[in-house]
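Enquirer: Let me begin by handing over the structure; questions about it come next.
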Amino acid sequence: MGAILIIGACGQIGTELTKKLRSIYGTDNVIASDVRKTDPEFVESGPFEVVNALDFNQIEQVIEKYNVTDVYLMAALLSATAEKNPAFAWDLNMNSLFHVLNLAKAGKIEKIFWPSSIAVFGPTTPKQNTPQYTVMEPSTVYGISKQSGERWCEYYHNLYGVDVRSIRYPGLISWSTLPGGGTTDYAVDIYHKALENGTYNCFLSEETRLPMMYMDDAIRATVEIMQAPAEDIKIRSSYNLSAMDFTPKEITESIKKHMPDFTISCEPDFRQKIADSWPQSIDDSSAREDWNWKHEFDLDAMTTDMLEHLSAKAE
Ligand code: SER
């Protein structure tokens with residue numbers, strides 16, 4: 001294996017994935033890249049290149065410069081932001097993927113990780129325990145781009161032998177990085193506001209149930225699917241992946257176990273409709289069978305860890 005390139009390394013998942021991959025494969029073997037240099041500490045923590053995910057030549061140059069074999073393409077507009085700029089979201093989410101798939105097809109890289117999402121499902125999908133294979137009629141630009149991306153991943157695998165691996169992430173929660181423009185972002189914000197103000201105004205209704213996962217689990221899943229023997233990865237579109245599901249009311253109850261005075265109010269906005277179109281819980285038995293996926297964090301374990309880390313960070 002040569003070097004690893006992470007495109008979109010300054011984002012919510014990219015930041016933590018970069019750290020994890022560097023701890024496994026060595027700092028110099030993991031090239032972080034993003035369209036701009038955001039956090040100076042992160043940028044200076046190892047090899048970093050400014051790369052626009054829409055610029056094929058830029059990606060190709062970095063791949064050649066560092067002898068990259070594995071690419072993690074994390075650049076994307078998320079669900080809420082994408083609704084505000086549909087044309088750009090489509091352009092970014094699709095064409096960055098084509099660039100990387102075409103580099104693999106041309107034999108310039110060996111392996112790709114590309115994240116998909118629960119947003120590939122839509123209002124006509126069964127909502128509880130959503131199966132791996134089911135009706136998929138996404139109603140958001142983000143979901144349409146992810147579903148189309150999944151089809152192209154499978155197509156490139158079947159026709160050109162491209163080793164592309166993918167996970168349908170649920171809403172992701174972490175203490176060290178902030179999400180950027182998703183519908184599940186409330187589940188991160190609520191912890192910050194609990195500690196800052198003791199109260200939170202949620203943009204989803206209190207009974208809105210969504211599949212979620214703690215970032216530690218999501219990063220481990222990403223590393224594990226990429227480390228698995230190729231023959232174990234039987235699904236080349238994207239794997240359902242699950243850890244927990246909860247409502248704003250239930251996460252509030254979990255926080256109250258540590259902070260009894262914490263309160264929440266709800267003022268649903270345009271994101272409510274997006275959340276209502278997504279599954280409430282996910283059946284991920286294929287991931288568990290094919291590459292031994294197993295989650296570790298449930299809601300209360302996550303709350304304890306989030307509050308501990310965020311409190312320590314604030315001191
Ligand atoms: N967490 C993402 C979002 O809310 C879903 O992939 O957009």
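Every chain in the structure tokens takes a letter, A first, then B, and so on in the order presented; its residues are numbered from 1, and the ligands are numbered from 1 following the presented order.
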What do you get as a PyMOL selection string if you pick all residues at most 7 Å from ligand 1, counting only C-alpha atoms and all ligand atoms?

Expert: chain A and resi 78-80+117-119+169-172+181-185

Enquirer: Run DSSP on the backbone and tell me which residues of range 84-281 of chain A come out as helix (DSSP H, G or I); list them as a PyMOL selection string.

Expert: chain A and resi 84+86-105+118-120+141-160+186-197+215-227+230-232+248-256+271-276

Enquirer: Go ahead and dump the residues you just picked, C-alpha atoms, as a CSV table (one decimal), in the first residue's frame.

Expert:
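Listing of part.csv after writing:
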```
chain,number,residue,atom,x,y,z
A,84,LYS,CA,-30.0,25.9,-0.5
A,86,PRO,CA,-28.9,22.3,-5.4
A,87,ALA,CA,-26.9,22.8,-8.5
A,88,PHE,CA,-23.6,23.2,-6.7
A,89,ALA,CA,-24.4,20.3,-4.4
A,90,TRP,CA,-25.1,18.0,-7.4
A,91,ASP,CA,-21.9,19.2,-9.1
A,92,LEU,CA,-19.7,18.8,-6.1
A,93,ASN,CA,-21.2,15.5,-4.8
A,94,MET,CA,-21.2,13.8,-8.2
A,95,ASN,CA,-18.2,15.1,-10.1
A,96,SER,CA,-15.7,14.7,-7.2
A,97,LEU,CA,-16.8,11.0,-7.2
A,98,PHE,CA,-16.4,10.6,-10.9
A,99,HIS,CA,-12.9,12.1,-10.7
A,100,VAL,CA,-11.9,9.5,-8.1
A,101,LEU,CA,-13.6,6.6,-9.8
A,102,ASN,CA,-12.0,7.5,-13.1
A,103,LEU,CA,-8.5,7.6,-11.4
A,104,ALA,CA,-9.1,4.1,-10.1
A,105,LYS,CA,-10.4,3.0,-13.5
A,118,ILE,CA,-29.4,7.4,5.3
A,119,ALA,CA,-30.5,10.2,3.0
A,120,VAL,CA,-30.6,7.7,0.1
A,141,VAL,CA,-30.7,16.8,-3.6
A,142,TYR,CA,-28.2,15.4,-1.1
A,143,GLY,CA,-30.1,12.0,-1.1
A,144,ILE,CA,-30.4,12.0,-4.9
A,145,SER,CA,-26.7,12.6,-5.2
A,146,LYS,CA,-25.8,9.9,-2.7
A,147,GLN,CA,-28.1,7.3,-4.3
A,148,SER,CA,-26.8,8.1,-7.8
A,149,GLY,CA,-23.3,7.9,-6.4
A,150,GLU,CA,-24.0,4.4,-5.0
A,151,ARG,CA,-25.2,3.2,-8.4
A,152,TRP,CA,-22.0,4.6,-10.0
A,153,CYS,CA,-19.8,2.9,-7.4
A,154,GLU,CA,-21.4,-0.4,-8.1
A,155,TYR,CA,-21.2,0.1,-11.8
A,156,TYR,CA,-17.5,1.0,-11.7
A,157,HIS,CA,-16.9,-2.1,-9.6
A,158,ASN,CA,-18.8,-4.4,-11.8
A,159,LEU,CA,-17.5,-3.1,-15.1
A,160,TYR,CA,-14.0,-2.0,-14.4
A,186,TYR,CA,-29.0,19.2,16.3
A,187,ALA,CA,-27.7,16.1,18.1
A,188,VAL,CA,-24.3,17.7,18.3
A,189,ASP,CA,-25.4,21.2,19.0
A,190,ILE,CA,-27.6,20.1,21.9
A,191,TYR,CA,-24.6,19.0,24.0
A,192,HIS,CA,-22.8,22.3,23.4
A,193,LYS,CA,-25.9,24.3,24.3
A,194,ALA,CA,-26.6,22.2,27.3
A,195,LEU,CA,-23.2,23.1,28.7
A,196,GLU,CA,-23.2,26.7,27.6
A,197,ASN,CA,-26.8,27.7,28.4
A,215,MET,CA,-18.1,9.4,15.8
A,216,ASP,CA,-15.7,6.8,17.4
A,217,ASP,CA,-17.9,4.0,16.0
A,218,ALA,CA,-18.2,5.7,12.6
A,219,ILE,CA,-14.4,6.1,12.2
A,220,ARG,CA,-13.8,2.5,13.3
A,221,ALA,CA,-16.4,1.3,10.8
A,222,THR,CA,-14.6,3.3,8.1
A,223,VAL,CA,-11.2,1.8,9.0
A,224,GLU,CA,-12.6,-1.7,9.3
A,225,ILE,CA,-14.5,-1.7,5.9
A,226,MET,CA,-11.3,-0.5,4.2
A,227,GLN,CA,-9.1,-3.1,6.0
A,230,ALA,CA,-11.9,-7.4,-0.8
A,231,GLU,CA,-13.9,-10.7,-1.2
A,232,ASP,CA,-15.7,-9.9,2.1
A,248,PRO,CA,-34.8,15.0,20.6
A,249,LYS,CA,-36.9,14.1,23.6
A,250,GLU,CA,-34.8,11.0,24.3
A,251,ILE,CA,-31.4,12.7,24.0
A,252,THR,CA,-32.8,15.4,26.4
A,253,GLU,CA,-33.6,12.7,28.9
A,254,SER,CA,-30.1,11.2,28.5
A,255,ILE,CA,-28.5,14.6,29.1
A,256,LYS,CA,-30.8,15.2,32.1
A,271,ARG,CA,-35.2,20.5,8.1
A,272,GLN,CA,-38.2,18.8,9.7
A,273,LYS,CA,-39.4,17.8,6.2
A,274,ILE,CA,-36.0,16.3,5.4
A,275,ALA,CA,-36.0,14.4,8.7
A,276,ASP,CA,-39.5,13.1,8.1
```

Enquirer: Using CA of Gln128 in chain A and CA of Ser265 in chain A as the two end points, give the distance in Å to one decimal.

Expert: 25.9 Å

Enquirer: May I ask which of the residues A:Asn57, A:Asn52, A:Thr18, A:Ser237 is the closest one to Ile31 in chain A, counting only C-alpha atoms?

Expert: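 Smallest distance to Ile31 in chain A is found for A:Thr18.
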
Enquirer: My list of candidates is A:Ser285, A:Ser277, A:Thr81, A:Thr247. Which is closest to Glu137 in chain A when distances are computed with only C-alpha atoms?

Expert: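 When distances to Glu137 in chain A are compared using only C-alpha atoms, the smallest one comes from A:Ser277.
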
Enquirer: Ranking A:Glu267, A:Asp28, A:Asp70, A:Asp39 by minimum distance to Thr15 in chain A and counting only C-alpha atoms, which one comes first?

Expert: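 Under the stated criterion, the closest residue is A:Asp39.
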
Enquirer: From the DSSP assignment of the backbone, select every residue of range 8-155 of chain A that is strand (DSSP E or B), and format the answer as a CSV table (one decimal) with all heavy atoms, in the first residue's frame.

Expert:
```csv
chain,number,residue,atom,x,y,z
A,30,VAL,N,-0.3,9.8,5.4
A,30,VAL,CA,-1.7,10.2,5.3
A,30,VAL,C,-1.7,11.7,4.9
A,30,VAL,O,-1.4,12.5,5.7
A,30,VAL,CB,-2.4,9.9,6.6
A,30,VAL,CG1,-3.9,10.4,6.5
A,30,VAL,CG2,-2.4,8.4,7.0
A,31,ILE,N,-2.1,11.9,3.7
A,31,ILE,CA,-2.1,13.3,3.2
A,31,ILE,C,-3.5,13.9,3.3
A,31,ILE,O,-4.5,13.3,2.8
A,31,ILE,CB,-1.8,13.3,1.6
A,31,ILE,CG1,-0.7,12.3,1.3
A,31,ILE,CG2,-1.4,14.7,1.2
A,31,ILE,CD1,0.6,12.4,2.1
A,32,ALA,N,-3.6,14.9,4.1
A,32,ALA,CA,-4.9,15.6,4.3
A,32,ALA,C,-5.0,16.6,3.2
A,32,ALA,O,-4.0,17.3,2.8
A,32,ALA,CB,-4.9,16.3,5.7
A,33,SER,N,-6.2,16.8,2.7
A,33,SER,CA,-6.4,17.9,1.7
A,33,SER,C,-7.8,18.4,1.8
A,33,SER,O,-8.7,17.7,2.3
A,33,SER,CB,-6.2,17.3,0.3
A,33,SER,OG,-7.3,16.6,-0.1
A,34,ASP,N,-7.9,19.7,1.5
A,34,ASP,CA,-9.2,20.3,1.5
A,34,ASP,C,-9.1,21.6,0.6
A,34,ASP,O,-8.1,22.0,0.2
A,34,ASP,CB,-9.6,20.8,3.0
A,34,ASP,CG,-11.1,20.8,3.2
A,34,ASP,OD1,-11.8,21.6,2.5
A,34,ASP,OD2,-11.6,20.0,4.0
A,48,PHE,N,-0.2,18.3,4.2
A,48,PHE,CA,-1.5,18.9,3.8
A,48,PHE,C,-1.4,19.6,2.4
A,48,PHE,O,-0.4,20.2,2.2
A,48,PHE,CB,-1.9,20.0,4.8
A,48,PHE,CG,-3.3,20.6,4.6
A,48,PHE,CD1,-4.4,20.0,5.2
A,48,PHE,CD2,-3.5,21.6,3.7
A,48,PHE,CE1,-5.7,20.5,5.0
A,48,PHE,CE2,-4.8,22.1,3.4
A,48,PHE,CZ,-5.9,21.6,4.1
A,49,GLU,N,-2.4,19.4,1.6
A,49,GLU,CA,-2.4,20.0,0.3
A,49,GLU,C,-3.8,20.7,0.1
A,49,GLU,O,-4.8,20.1,0.4
A,49,GLU,CB,-2.2,18.9,-0.8
A,49,GLU,CG,-0.9,18.2,-0.8
A,49,GLU,CD,0.2,19.1,-1.5
A,49,GLU,OE1,-0.1,20.0,-2.3
A,49,GLU,OE2,1.4,18.8,-1.2
A,50,VAL,N,-3.7,21.8,-0.6
A,50,VAL,CA,-5.0,22.4,-1.0
A,50,VAL,C,-5.5,21.7,-2.2
A,50,VAL,O,-4.8,21.7,-3.2
A,50,VAL,CB,-4.9,24.0,-1.2
A,50,VAL,CG1,-6.1,24.6,-1.8
A,50,VAL,CG2,-4.5,24.7,0.1
A,68,VAL,N,0.1,8.0,-3.9
A,68,VAL,CA,-1.2,7.6,-3.2
A,68,VAL,C,-1.8,6.4,-3.9
A,68,VAL,O,-1.9,6.3,-5.1
A,68,VAL,CB,-2.2,8.8,-3.3
A,68,VAL,CG1,-3.6,8.4,-2.8
A,68,VAL,CG2,-1.7,10.0,-2.4
A,69,THR,N,-2.2,5.5,-3.0
A,69,THR,CA,-3.0,4.3,-3.6
A,69,THR,C,-4.4,4.3,-3.1
A,69,THR,O,-5.3,3.8,-3.7
A,69,THR,CB,-2.3,3.0,-3.1
A,69,THR,OG1,-2.2,3.0,-1.7
A,69,THR,CG2,-1.0,2.8,-3.8
A,70,ASP,N,-4.6,4.9,-1.9
A,70,ASP,CA,-6.0,4.8,-1.3
A,70,ASP,C,-6.6,6.2,-1.1
A,70,ASP,O,-5.9,7.1,-0.5
A,70,ASP,CB,-6.0,4.2,0.1
A,70,ASP,CG,-5.5,2.7,0.1
A,70,ASP,OD1,-4.9,2.3,-1.0
A,70,ASP,OD2,-5.8,2.0,1.0
A,71,VAL,N,-7.8,6.4,-1.6
A,71,VAL,CA,-8.4,7.8,-1.5
A,71,VAL,C,-9.7,7.7,-0.7
A,71,VAL,O,-10.5,6.8,-0.9
A,71,VAL,CB,-8.7,8.4,-2.9
A,71,VAL,CG1,-9.5,9.7,-2.7
A,71,VAL,CG2,-7.4,8.6,-3.6
A,72,TYR,N,-9.8,8.6,0.3
A,72,TYR,CA,-11.1,8.7,1.1
A,72,TYR,C,-11.7,10.0,0.6
A,72,TYR,O,-11.1,11.1,0.9
A,72,TYR,CB,-10.8,8.7,2.6
A,72,TYR,CG,-10.3,7.5,3.2
A,72,TYR,CD1,-9.0,7.0,2.8
A,72,TYR,CD2,-11.0,6.7,4.0
A,72,TYR,CE1,-8.5,5.8,3.3
A,72,TYR,CE2,-10.6,5.5,4.6
A,72,TYR,CZ,-9.3,5.1,4.2
A,72,TYR,OH,-8.8,3.9,4.8
A,73,LEU,N,-12.8,10.0,-0.1
A,73,LEU,CA,-13.4,11.2,-0.6
A,73,LEU,C,-14.5,11.7,0.3
A,73,LEU,O,-15.6,11.2,0.2
A,73,LEU,CB,-14.0,10.9,-2.0
A,73,LEU,CG,-14.8,12.0,-2.7
A,73,LEU,CD1,-14.0,13.3,-2.8
A,73,LEU,CD2,-15.3,11.6,-4.0
A,111,LYS,N,-7.7,1.9,-4.2
A,111,LYS,CA,-8.9,1.7,-3.4
A,111,LYS,C,-9.5,3.0,-3.0
A,111,LYS,O,-8.8,4.0,-2.8
A,111,LYS,CB,-8.4,1.0,-2.1
A,111,LYS,CG,-9.3,0.0,-1.5
A,111,LYS,CD,-8.8,-0.3,0.0
A,111,LYS,CE,-8.2,-1.7,0.1
A,111,LYS,NZ,-7.9,-2.0,1.5
A,112,ILE,N,-10.9,3.0,-3.0
A,112,ILE,CA,-11.6,4.2,-2.7
A,112,ILE,C,-12.6,4.0,-1.5
A,112,ILE,O,-13.3,3.0,-1.5
A,112,ILE,CB,-12.5,4.6,-3.9
A,112,ILE,CG1,-11.6,4.9,-5.1
A,112,ILE,CG2,-13.3,5.9,-3.6
A,112,ILE,CD1,-12.4,5.0,-6.4
A,113,PHE,N,-12.6,5.0,-0.6
A,113,PHE,CA,-13.7,5.0,0.4
A,113,PHE,C,-14.6,6.2,0.0
A,113,PHE,O,-14.1,7.3,-0.2
A,113,PHE,CB,-13.3,5.1,1.8
A,113,PHE,CG,-14.5,5.2,2.7
A,113,PHE,CD1,-15.1,4.1,3.1
A,113,PHE,CD2,-14.9,6.4,3.2
A,113,PHE,CE1,-16.3,4.1,3.9
A,113,PHE,CE2,-16.1,6.5,4.0
A,113,PHE,CZ,-16.7,5.4,4.4
A,114,TRP,N,-15.9,6.0,-0.1
A,114,TRP,CA,-16.8,7.1,-0.4
A,114,TRP,C,-18.0,6.9,0.5
A,114,TRP,O,-18.7,5.9,0.5
A,114,TRP,CB,-17.2,7.0,-1.9
A,114,TRP,CG,-18.2,8.0,-2.3
A,114,TRP,CD1,-18.0,9.3,-2.5
A,114,TRP,CD2,-19.6,7.8,-2.5
A,114,TRP,NE1,-19.2,9.9,-2.9
A,114,TRP,CE2,-20.2,9.1,-2.8
A,114,TRP,CE3,-20.5,6.7,-2.4
A,114,TRP,CZ2,-21.5,9.2,-3.1
A,114,TRP,CZ3,-21.8,6.9,-2.6
A,114,TRP,CH2,-22.4,8.1,-3.0
A,115,PRO,N,-18.3,8.0,1.2
A,115,PRO,CA,-19.4,7.9,2.2
A,115,PRO,C,-20.8,8.1,1.5
A,115,PRO,O,-21.0,9.0,0.8
A,115,PRO,CB,-19.2,9.0,3.2
A,115,PRO,CG,-18.4,10.0,2.4
A,115,PRO,CD,-17.6,9.3,1.3
A,116,SER,N,-21.7,7.2,1.8
A,116,SER,CA,-23.1,7.4,1.5
A,116,SER,C,-23.9,7.8,2.8
A,116,SER,O,-23.2,8.1,3.8
A,116,SER,CB,-23.7,6.3,0.8
A,116,SER,OG,-25.0,6.6,0.3
A,117,SER,N,-25.2,7.7,2.8
A,117,SER,CA,-26.0,8.3,3.9
A,117,SER,C,-27.3,7.6,4.0
A,117,SER,O,-27.9,7.2,2.9
A,117,SER,CB,-26.1,9.8,3.7
A,117,SER,OG,-27.2,10.3,4.4
A,130,THR,N,-35.1,-0.2,8.5
A,130,THR,CA,-35.0,-0.1,7.0
A,130,THR,C,-34.0,-1.1,6.5
A,130,THR,O,-32.8,-1.1,6.9
A,130,THR,CB,-34.6,1.3,6.6
A,130,THR,OG1,-35.6,2.2,7.1
A,130,THR,CG2,-34.4,1.5,5.1
```

Enquirer: Using only C-alpha atoms for the distances, tell me which of A:Arg36, A:Thr263, A:Gly26, A:Pro211 is nearest to Asn129 in chain A.

Expert: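 Closest residue, counting only C-alpha atoms: A:Pro211.
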
Enquirer: Would you mind reading off the distance between CA of Val62 in chain A and CA of Ser174 in chain A, one decimal, in Å?

Expert: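 Between CA of Val62 in chain A and CA of Ser174 in chain A the gap works out to 29.2 Å.
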
Enquirer: So which one's closest to Thr124 in chain A, A:Phe297, A:Ala76, A:Arg22, A:Pro279? Using only C-alpha atoms, please.

Expert: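 With only C-alpha atoms as the atom set, the closest residue is A:Pro279.
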